[in-house]
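Asker: Shown below is the structure under consideration.
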Amino acid sequence: MTVTLDQLNAADASAFTALLDGVYEHSPWIAEQTWSQRPFQTLAHLKHALAQTVRQAPQQAQLDLIRAHPELAGKAAVAGQLTAESTHEQTKAGLTHCSAEEFAQLQQLNADYNARFGWPFILAVRGPRGTGLSRQEIIQTFARRLHNHPDFERAECLRNIHRIAEIRLHDKFGHHSPQGQQVWDWAQAWAQHSDIPHTEDDVNLTVTYLTPAHQACAAQLQSWMRDGGFDEVRLDAVGNVVGVYQGATPSAPRLLTGSHYDTVRNGGRYDGRLGILVPMACVQALHRAGRRLPFAIEVVGFAEEEGQRYSATFLGSSALVGDFNPDWLSQLDSDGISMLEAMKAAKLPATMAAIQAEKRNPAAYLGFVEVHIEQGPVLDALDMPLGVVTSINGSTRYAIDLIGMASHAGTTPMMQRQDAAAAAAELILYVEQRARHDQNSPHGPSVGTVGILNVPQGSINVIPGRCHLTLDLRAPVDAQRDALTRDVLAQLDVICRQRGVRHESRLLLTAAAAPCAEPWQARWTQAVQATGLPPFTLPSGAGHDAMKLHQIMSQGMLFVRGGNAGISHNPLETITCDDAQLCVDAFANLLEQLAGQPGVGTPSP
C-alpha cells in the first residue's frame with residue numbers, strides 16, 4: 001500500500017513509526033524521534049528531518065545504526081536472513097548472482113573492512129540513479145573506502161544509509177524523479193564524448209576547447225535543445241551553444257542562465273554541465289505544457305571555462321561580457337595549434353569582429369543565474385541537498401621561488417643552514433594557520449593552498465638551495481582576500497629573513513570576488529524552501545562563469561551537493577537523480593517567482 005504525507009502527518013507516534021518501518025534498518029527510534037516534527041510539507045522535508053535526527057544522535061546510536069545493516073553478500077545474505085528491503089537492494093545490484101571469484105573478493109573485503117573499522121561496509125547499492133550499481137562498481141568502491149580515516153568512513157556510512165533510506169521512502173510513497181532522471185541520463189550520455197578514449201574500467205572524461213569531442217558535445221546539446229522546444233538554437237562565434245525559449249511577447253526581456261560544457265582532464269560528469277541541463281529540463285516542461293512566461297529564457301552552454309587546452313580561461317563567458325582578449329587567438333596548445341587555427345578547423349568565424357558581436361546588452365536581461373555542483377564537502381557533510389551561494393570567492397595567485405644555499409647534508413650544522421625547502425614548509429604551515437583564522441568571518445571563510453612544491457635538481461644528501469612553490473589565496477570579499485594576501489607575503493619576508501633565504505615572487509592572477517545579488521539570493525532561498533528544505537547559504541570557493549557575467553549584470557547561484565564527500569574534478573564526482581530533481585524543482589520555482597513579479601517585463605537593475 002502506498003503511503004502518503006497526509007497519512008503520516010495525521011498519524012500518532014506508534015502509527016507513524018509503523019508506516020516508516022524498514023526505512024532505517026532495524027532502527028525504529030529514528031522515526032519515533034522525528035514524529036514530533038510533523039506536519040511535513042514535502043517528502044524532501046521528511047527525509048531531511050529523519051537525517052537530522054540521526055545527525056543529532058549520540059555517536060553510539062549512530063554506530064548501532066551502522067551495525068544494524070548486513071554485510072554485502074555476507075553470511076546473512078547467504079543464509080536468507082536479510083530484511084525484505086535489503087534482499088531487494090542486494091538482488092537489484094546483482095549481488096545474489098556473484099561469480100565464485102566476486103564472492104571471494106567480497107568476503108575478503110568484508111573481513112578486512114570489519115577488522116579495520118569494527119562495523120559493516122555500507123553502500124547504497126541501488127546507486128545515484130536508483131537502478132543498481134554493477135558488481136564491479138561495488139567492489140571498486142569497497143576497495144577504495146577501505147583506506148579512509150575511521151571518522152570519515154563512519155560519516156560516509158551514515159551518508160549512504162540516508163541514501164538507502166531515501167530510496168526506500170520513495171518505494172513506500174511511489175515517488176519518482178522523472179526530470180532528475182532525465183538530467184542524470186543526459187549527463188551520462190554526454191560523457192560518452194571524450195578527448196581520451198574510455199576503457200572498460202574507466203570513463204576518462206576529458207573535453208577541451210574545440211577538439212572533436214568538444215564539437216560532438218556541442219552538436220549533441222544543440223540536438224537536445226531543439227528536441228526540448230527551444231525556439232532558437234545556435235553555435236556562436238566562440239563555440240558557445242545558445243538556446244532561447246521566447247517569452248509571451250517578442251519584446252520580453254530575457255533571463256540568462258547556463259554554465260560550461262568543457263571539462264578538466266579526467267574530470268566529472270556534472271561540473272558545469274548540470275547548470276545547462278537543469279534549465280533545459282525546465283524549458284522542456286514549459287514547452288510540453290504549451291506555456292510562455294513574461295520573459296524569455298536564454299540558456300548558454302559555455303564552450304570553455306577550465307583553461308585546459310589554452311592558458312586563457314572563461315573564453316565562453318568572456319565573449320558575452322565583451323572581455324575576450326585578442327591576444328588569446330595566438331596562444332598555442334601543447335601540439336602547437338593556435339586558438340585561431342582551432343577555431344577555423346571547427347568552422348567558427350575566427351575573427352574578433354564576430355566574437356565582439358556576441359557581447360550582450362545587460363539592459364535586455366533580468367540577470368544571470370547559474371546552477372552548479374558544489375565541488376566541495378560542505379553540503380554533503382551536512383546532509384543538505386541544496387545551498388544558496390552568497391559570493392564567489394576572489395583570489396590571488398603567486399609563483400614563488402625561495403633561494404637559499406645548497407650544501408652538504410651531512411657536514412652543515414643545523415643552525416648554519418639556508419634551507420629553501422624548510423622555509424617553504426614554514427610558509428605552508430603559516431598559510432594554513434592564517435586562512436583558518438578567517439573561519440568565522442561574517443562573509444565566509446578564507447582558504448589558502450600551496451598546490452605546486454618542488455626542489456629543482458634536488459638530491460637526497462643535499463640541503464635544498466632552491467624551492468619553487470605556488471600560492472592560491474581566496475576569500476568571499478576582496479578586502480578579506482587582500483588582508484590574507486598581505487599577511488602571507490609579510491610572513492614570507494619574516495621567514496626568509498630569519499632563515500637567510502631570499503625570495504622572488506611573481507603575481508600570476510588577481511580575480512575580484514563576485515558577491516551574489518541579494519534579490520537573487522532571496523529568490524533562490526524561497527525556491528529552496530518551496531521544496532521543503534531549510535535554506536542554507538555558503539560562499540563558492542571555485543570560480544564560475546557567473547563571475548564574468550557579474551561584470552555586466554546581477555547574478556545568483558544555487559549549489560547542489562555532490563556525493564563521495566563532494567569530490568569534483570574527478571571521475572568520482574556524482575549526484576543523485578533525486579537531488580537533480582530538487583534542483584529542477586527549485587529552478588522551476590524561481591521561474592514562477594519571476595513570472596508573478598510585478599513589472600517583470602522590464603529588466604531589473
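Within each chain, counting starts at residue 1; across the C-alpha cells, chains are named A, B, ... in the order shown, with ligands numbered 1 upward in that order.
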Per residue of region 485-599 of chain A within 6 Å of region 396-408 of chain A, record the nearest atom pair and its distance in Å to one decimal, counting only C-alpha atoms, with rows in chain order and ascending residue number, as JSON lines.
Answerer:
{"residue": "A:Val501", "atom": "CA", "partner": "A:Gly404", "partner_atom": "CA", "distance": 4.6}
{"residue": "A:Arg502", "atom": "CA", "partner": "A:Ile403", "partner_atom": "CA", "distance": 5.3}
{"residue": "A:His503", "atom": "CA", "partner": "A:Leu402", "partner_atom": "CA", "distance": 4.5}
{"residue": "A:Glu504", "atom": "CA", "partner": "A:Asp401", "partner_atom": "CA", "distance": 5.2}
{"residue": "A:Ser505", "atom": "CA", "partner": "A:Ile400", "partner_atom": "CA", "distance": 4.4}
{"residue": "A:Arg506", "atom": "CA", "partner": "A:Ala399", "partner_atom": "CA", "distance": 5.2}
{"residue": "A:Leu507", "atom": "CA", "partner": "A:Tyr398", "partner_atom": "CA", "distance": 4.5}
{"residue": "A:Leu508", "atom": "CA", "partner": "A:Tyr398", "partner_atom": "CA", "distance": 5.2}
{"residue": "A:Leu509", "atom": "CA", "partner": "A:Arg397", "partner_atom": "CA", "distance": 5.1}
{"residue": "A:Thr510", "atom": "CA", "partner": "A:Thr396", "partner_atom": "CA", "distance": 4.5}
Asker: Any chance you could export the current selection's C-alpha atoms as a PDB file, in the first residue's frame?
Answerer:
ATOM      1  CA  VAL A 501      66.826  32.860   2.395  1.00  0.00           C
ATOM      2  CA  ARG A 502      65.634  35.309  -0.236  1.00  0.00           C
ATOM      3  CA  HIS A 503      62.548  35.069  -2.416  1.00  0.00           C
ATOM      4  CA  GLU A 504      61.342  36.119  -5.833  1.00  0.00           C
ATOM      5  CA  SER A 505      57.556  36.375  -6.050  1.00  0.00           C
ATOM      6  CA  ARG A 506      55.506  36.796  -9.204  1.00  0.00           C
ATOM      7  CA  LEU A 507      51.806  37.666  -9.212  1.00  0.00           C
ATOM      8  CA  LEU A 508      50.018  35.320 -11.611  1.00  0.00           C
ATOM      9  CA  LEU A 509      46.383  36.332 -11.192  1.00  0.00           C
ATOM     10  CA  THR A 510      44.054  38.582  -9.272  1.00  0.00           C
TER      11      THR A 510
END
Asker: Which residues are near region 278-289 of chain A? Cut-off 8 Å, only C-alpha atoms, ignore same chain within fewer than 3 positions. Put them as a list in words.
Answerer: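 Surrounding residues, per the criterion: Gln179, Gln182, Val183, Met225, Gly228, Gly229, Phe230, Tyr245, Thr257, Gly258, Leu274, Gly275, Arg292, Ile297, Val299, Val371, Ala580, Cys583, Val584, Phe587 and Ala588 of chain A.
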Asker: May I have the residues within 12 Å of Ser334 (chain A) as a PDB file with all heavy atoms, in the first residue's frame, using only C-alpha atoms and disregarding those fewer than 5 positions away in the same chain?
Answerer:
ATOM      1  N   GLN A 308      42.034  24.439 -20.005  1.00  0.00           N
ATOM      2  CA  GLN A 308      42.798  23.201 -20.127  1.00  0.00           C
ATOM      3  C   GLN A 308      43.621  23.111 -21.417  1.00  0.00           C
ATOM      4  O   GLN A 308      44.748  22.633 -21.403  1.00  0.00           O
ATOM      5  CB  GLN A 308      41.848  21.998 -20.045  1.00  0.00           C
ATOM      6  CG  GLN A 308      41.145  21.864 -18.726  1.00  0.00           C
ATOM      7  CD  GLN A 308      42.087  21.483 -17.594  1.00  0.00           C
ATOM      8  OE1 GLN A 308      42.673  20.407 -17.582  1.00  0.00           O
ATOM      9  NE2 GLN A 308      42.237  22.371 -16.626  1.00  0.00           N
ATOM     10  N   ARG A 309      43.067  23.559 -22.536  1.00  0.00           N
ATOM     11  CA  ARG A 309      43.820  23.460 -23.788  1.00  0.00           C
ATOM     12  C   ARG A 309      44.721  24.677 -23.992  1.00  0.00           C
ATOM     13  O   ARG A 309      45.853  24.559 -24.469  1.00  0.00           O
ATOM     14  CB  ARG A 309      42.864  23.303 -24.971  1.00  0.00           C
ATOM     15  CG  ARG A 309      43.581  23.110 -26.298  1.00  0.00           C
ATOM     16  CD  ARG A 309      42.638  22.821 -27.447  1.00  0.00           C
ATOM     17  NE  ARG A 309      43.379  22.607 -28.695  1.00  0.00           N
ATOM     18  CZ  ARG A 309      42.824  22.396 -29.879  1.00  0.00           C
ATOM     19  NH1 ARG A 309      41.494  22.339 -29.988  1.00  0.00           N
ATOM     20  NH2 ARG A 309      43.576  22.223 -30.946  1.00  0.00           N
ATOM     21  N   TYR A 310      44.207  25.837 -23.638  1.00  0.00           N
ATOM     22  CA  TYR A 310      44.970  27.086 -23.733  1.00  0.00           C
ATOM     23  C   TYR A 310      45.040  27.703 -22.336  1.00  0.00           C
ATOM     24  O   TYR A 310      44.236  27.381 -21.454  1.00  0.00           O
ATOM     25  CB  TYR A 310      44.312  28.040 -24.732  1.00  0.00           C
ATOM     26  CG  TYR A 310      44.269  27.473 -26.139  1.00  0.00           C
ATOM     27  CD1 TYR A 310      43.106  26.880 -26.636  1.00  0.00           C
ATOM     28  CD2 TYR A 310      45.394  27.490 -26.946  1.00  0.00           C
ATOM     29  CE1 TYR A 310      43.072  26.331 -27.911  1.00  0.00           C
ATOM     30  CE2 TYR A 310      45.373  26.948 -28.228  1.00  0.00           C
ATOM     31  CZ  TYR A 310      44.209  26.363 -28.705  1.00  0.00           C
ATOM     32  OH  TYR A 310      44.186  25.811 -29.962  1.00  0.00           O
ATOM     33  N   SER A 311      45.979  28.608 -22.145  1.00  0.00           N
ATOM     34  CA  SER A 311      46.190  29.147 -20.801  1.00  0.00           C
ATOM     35  C   SER A 311      45.121  30.156 -20.395  1.00  0.00           C
ATOM     36  O   SER A 311      45.021  30.509 -19.227  1.00  0.00           O
ATOM     37  CB  SER A 311      47.577  29.801 -20.701  1.00  0.00           C
ATOM     38  OG  SER A 311      47.708  30.863 -21.631  1.00  0.00           O
ATOM     39  N   MET A 339      44.897  29.008 -31.130  1.00  0.00           N
ATOM     40  CA  MET A 339      43.461  29.087 -30.926  1.00  0.00           C
ATOM     41  C   MET A 339      42.757  29.510 -32.208  1.00  0.00           C
ATOM     42  O   MET A 339      41.665  29.010 -32.531  1.00  0.00           O
ATOM     43  CB  MET A 339      43.143  30.071 -29.791  1.00  0.00           C
ATOM     44  CG  MET A 339      41.685  30.052 -29.352  1.00  0.00           C
ATOM     45  SD  MET A 339      41.296  31.296 -28.078  1.00  0.00           S
ATOM     46  CE  MET A 339      42.335  30.750 -26.733  1.00  0.00           C
TER      47      MET A 339
END
Asker: Between A:Ser27, A:Gln215, A:Gln480, A:Gln220, single out the one closest to Ser441 (chain A), counting only C-alpha atoms.
Answerer: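 Using only C-alpha atoms, the shortest distance to Ser441 (chain A) belongs to A:Gln480.
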Asker: Write out as a ChimeraX atom specification which residues come within 12 Å of Ala51 (chain A) when counting only C-alpha atoms, dropping same-chain ones fewer than 5 positions away.
Answerer: /A:23-24,30-31,33-34,44-46,56-57,62,158-166,380-385,533
Asker: Of the candidates A:Gln457, A:Ala189, A:Arg474, A:Gly566, which shows the shortest atom-to-atom distance to Val378 (chain A), using only C-alpha atoms?
Answerer: A:Gly566
Asker: Residues near Asp171 (chain A), anyone? I mean within 12 Å using only C-alpha atoms, not counting same-chain ones fewer than 2 positions away, as an NGL selection string.
Answerer: :A and (1-4 or 20 or 22-23 or 43 or 85 or 88-89 or 130 or 164-169 or 173-177)
Asker: Please produce an output containing N, CA, C and O atoms for each residue in the selection, written as a JSON list (two decimals), in the first residue's frame.
Answerer:
[["chain", "number", "residue", "atom", "x", "y", "z"],
["A", 1, "MET", "N", 0.84, -1.19, 0.00],
["A", 1, "MET", "CA", 0.00, 0.00, 0.00],
["A", 1, "MET", "C", 0.88, 1.25, 0.00],
["A", 1, "MET", "O", 1.85, 1.33, 0.76],
["A", 2, "THR", "N", 0.55, 2.21, -0.85],
["A", 2, "THR", "CA", 1.33, 3.45, -0.94],
["A", 2, "THR", "C", 1.04, 4.34, 0.25],
["A", 2, "THR", "O", -0.12, 4.56, 0.62],
["A", 3, "VAL", "N", 2.09, 4.87, 0.85],
["A", 3, "VAL", "CA", 1.96, 5.80, 1.97],
["A", 3, "VAL", "C", 1.87, 7.22, 1.43],
["A", 3, "VAL", "O", 2.43, 7.54, 0.38],
["A", 4, "THR", "N", 1.12, 8.08, 2.15],
["A", 4, "THR", "CA", 1.02, 9.48, 1.76],
["A", 4, "THR", "C", 1.47, 10.37, 2.92],
["A", 4, "THR", "O", 1.46, 9.94, 4.09],
["A", 20, "LEU", "N", 6.69, 3.97, 8.70],
["A", 20, "LEU", "CA", 8.07, 4.14, 8.23],
["A", 20, "LEU", "C", 8.95, 2.94, 8.57],
["A", 20, "LEU", "O", 10.18, 3.01, 8.45],
["A", 22, "GLY", "N", 11.22, -0.09, 8.39],
["A", 22, "GLY", "CA", 12.11, -0.60, 7.36],
["A", 22, "GLY", "C", 12.88, 0.46, 6.61],
["A", 22, "GLY", "O", 13.79, 0.14, 5.85],
["A", 23, "VAL", "N", 12.51, 1.73, 6.80],
["A", 23, "VAL", "CA", 13.24, 2.80, 6.10],
["A", 23, "VAL", "C", 14.68, 2.85, 6.60],
["A", 23, "VAL", "O", 15.63, 2.92, 5.82],
["A", 43, "LEU", "N", 8.06, 15.45, 0.78],
["A", 43, "LEU", "CA", 8.87, 14.27, 1.06],
["A", 43, "LEU", "C", 10.31, 14.67, 1.36],
["A", 43, "LEU", "O", 10.97, 14.07, 2.21],
["A", 85, "GLU", "N", 13.76, -5.39, 2.54],
["A", 85, "GLU", "CA", 14.35, -4.24, 1.86],
["A", 85, "GLU", "C", 15.78, -4.53, 1.43],
["A", 85, "GLU", "O", 16.18, -4.26, 0.29],
["A", 88, "HIS", "N", 15.91, -7.01, -1.46],
["A", 88, "HIS", "CA", 15.57, -6.36, -2.74],
["A", 88, "HIS", "C", 16.76, -5.57, -3.27],
["A", 88, "HIS", "O", 17.08, -5.64, -4.47],
["A", 89, "GLU", "N", 17.44, -4.83, -2.39],
["A", 89, "GLU", "CA", 18.55, -3.98, -2.82],
["A", 89, "GLU", "C", 19.74, -4.81, -3.31],
["A", 89, "GLU", "O", 20.33, -4.51, -4.35],
["A", 130, "GLY", "N", 19.26, 4.93, -8.84],
["A", 130, "GLY", "CA", 18.24, 4.09, -8.22],
["A", 130, "GLY", "C", 18.04, 2.75, -8.91],
["A", 130, "GLY", "O", 17.21, 1.95, -8.49],
["A", 164, "ILE", "N", 20.10, 5.11, 1.21],
["A", 164, "ILE", "CA", 19.28, 3.90, 1.25],
["A", 164, "ILE", "C", 17.88, 4.23, 1.75],
["A", 164, "ILE", "O", 16.87, 3.79, 1.18],
["A", 165, "ALA", "N", 17.81, 5.03, 2.82],
["A", 165, "ALA", "CA", 16.51, 5.41, 3.38],
["A", 165, "ALA", "C", 15.70, 6.22, 2.37],
["A", 165, "ALA", "O", 14.48, 6.05, 2.27],
["A", 166, "GLU", "N", 16.37, 7.10, 1.64],
["A", 166, "GLU", "CA", 15.68, 7.90, 0.63],
["A", 166, "GLU", "C", 15.03, 7.01, -0.42],
["A", 166, "GLU", "O", 13.85, 7.19, -0.77],
["A", 167, "ILE", "N", 15.75, 6.04, -0.92],
["A", 167, "ILE", "CA", 15.21, 5.14, -1.94],
["A", 167, "ILE", "C", 14.06, 4.31, -1.37],
["A", 167, "ILE", "O", 13.03, 4.10, -2.02],
["A", 168, "ARG", "N", 14.21, 3.85, -0.13],
["A", 168, "ARG", "CA", 13.14, 3.06, 0.49],
["A", 168, "ARG", "C", 11.89, 3.92, 0.71],
["A", 168, "ARG", "O", 10.76, 3.43, 0.53],
["A", 169, "LEU", "N", 12.08, 5.18, 1.09],
["A", 169, "LEU", "CA", 10.93, 6.08, 1.22],
["A", 169, "LEU", "C", 10.22, 6.26, -0.11],
["A", 169, "LEU", "O", 8.99, 6.25, -0.18],
["A", 173, "PHE", "N", 6.31, 5.57, -0.95],
["A", 173, "PHE", "CA", 5.44, 6.66, -1.41],
["A", 173, "PHE", "C", 5.10, 6.55, -2.90],
["A", 173, "PHE", "O", 4.31, 7.35, -3.39],
["A", 174, "GLY", "N", 5.71, 5.60, -3.60],
["A", 174, "GLY", "CA", 5.51, 5.54, -5.04],
["A", 174, "GLY", "C", 6.02, 6.78, -5.73],
["A", 174, "GLY", "O", 5.47, 7.24, -6.74],
["A", 175, "HIS", "N", 7.11, 7.34, -5.20],
["A", 175, "HIS", "CA", 7.64, 8.61, -5.68],
["A", 175, "HIS", "C", 8.68, 8.38, -6.78],
["A", 175, "HIS", "O", 9.49, 7.46, -6.70],
["A", 176, "HIS", "N", 8.64, 9.24, -7.78],
["A", 176, "HIS", "CA", 9.62, 9.18, -8.87],
["A", 176, "HIS", "C", 10.18, 10.58, -9.11],
["A", 176, "HIS", "O", 9.57, 11.58, -8.75],
["A", 177, "SER", "N", 11.34, 10.63, -9.73],
["A", 177, "SER", "CA", 12.01, 11.90, -10.05],
["A", 177, "SER", "C", 12.26, 11.96, -11.55],
["A", 177, "SER", "O", 13.41, 11.86, -11.99]]
Asker: Need to verify the contact set: Leu210 (chain A), 7 Å, only C-alpha atoms, exclusion of same-chain residues closer than 4 positions in sequence. Can you return it as a CSV table (one decimal) with N, CA and C atoms, in the first residue's frame?
Answerer:
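Result went into result.csv, see below:
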chain,number,residue,atom,x,y,z
A,214,HIS,N,34.8,17.9,-28.1
A,214,HIS,CA,34.1,19.1,-27.7
A,214,HIS,C,33.0,19.5,-28.7
A,215,GLN,N,33.4,19.4,-30.0
A,215,GLN,CA,32.4,19.7,-31.1
A,215,GLN,C,31.3,18.7,-31.1
A,342,ALA,N,42.5,26.5,-34.4
A,342,ALA,CA,41.4,25.6,-33.9
A,342,ALA,C,40.0,26.1,-34.2
A,346,ALA,N,37.2,24.3,-36.6
A,346,ALA,CA,35.8,24.0,-36.0
A,346,ALA,C,34.8,24.8,-36.8
Asker: Just how far from CA of Ile460 (chain A) is CA of Ala409 (chain A), in Å to one decimal?
Answerer: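 Result for CA of Ala409 (chain A) versus CA of Ile460 (chain A): 8.2 Å, one decimal.
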Asker: Expressed in Å to a single decimal, how great is the separation between CA of Arg561 (chain A) and CA of Asp585 (chain A)?
Answerer: 15.0 Å
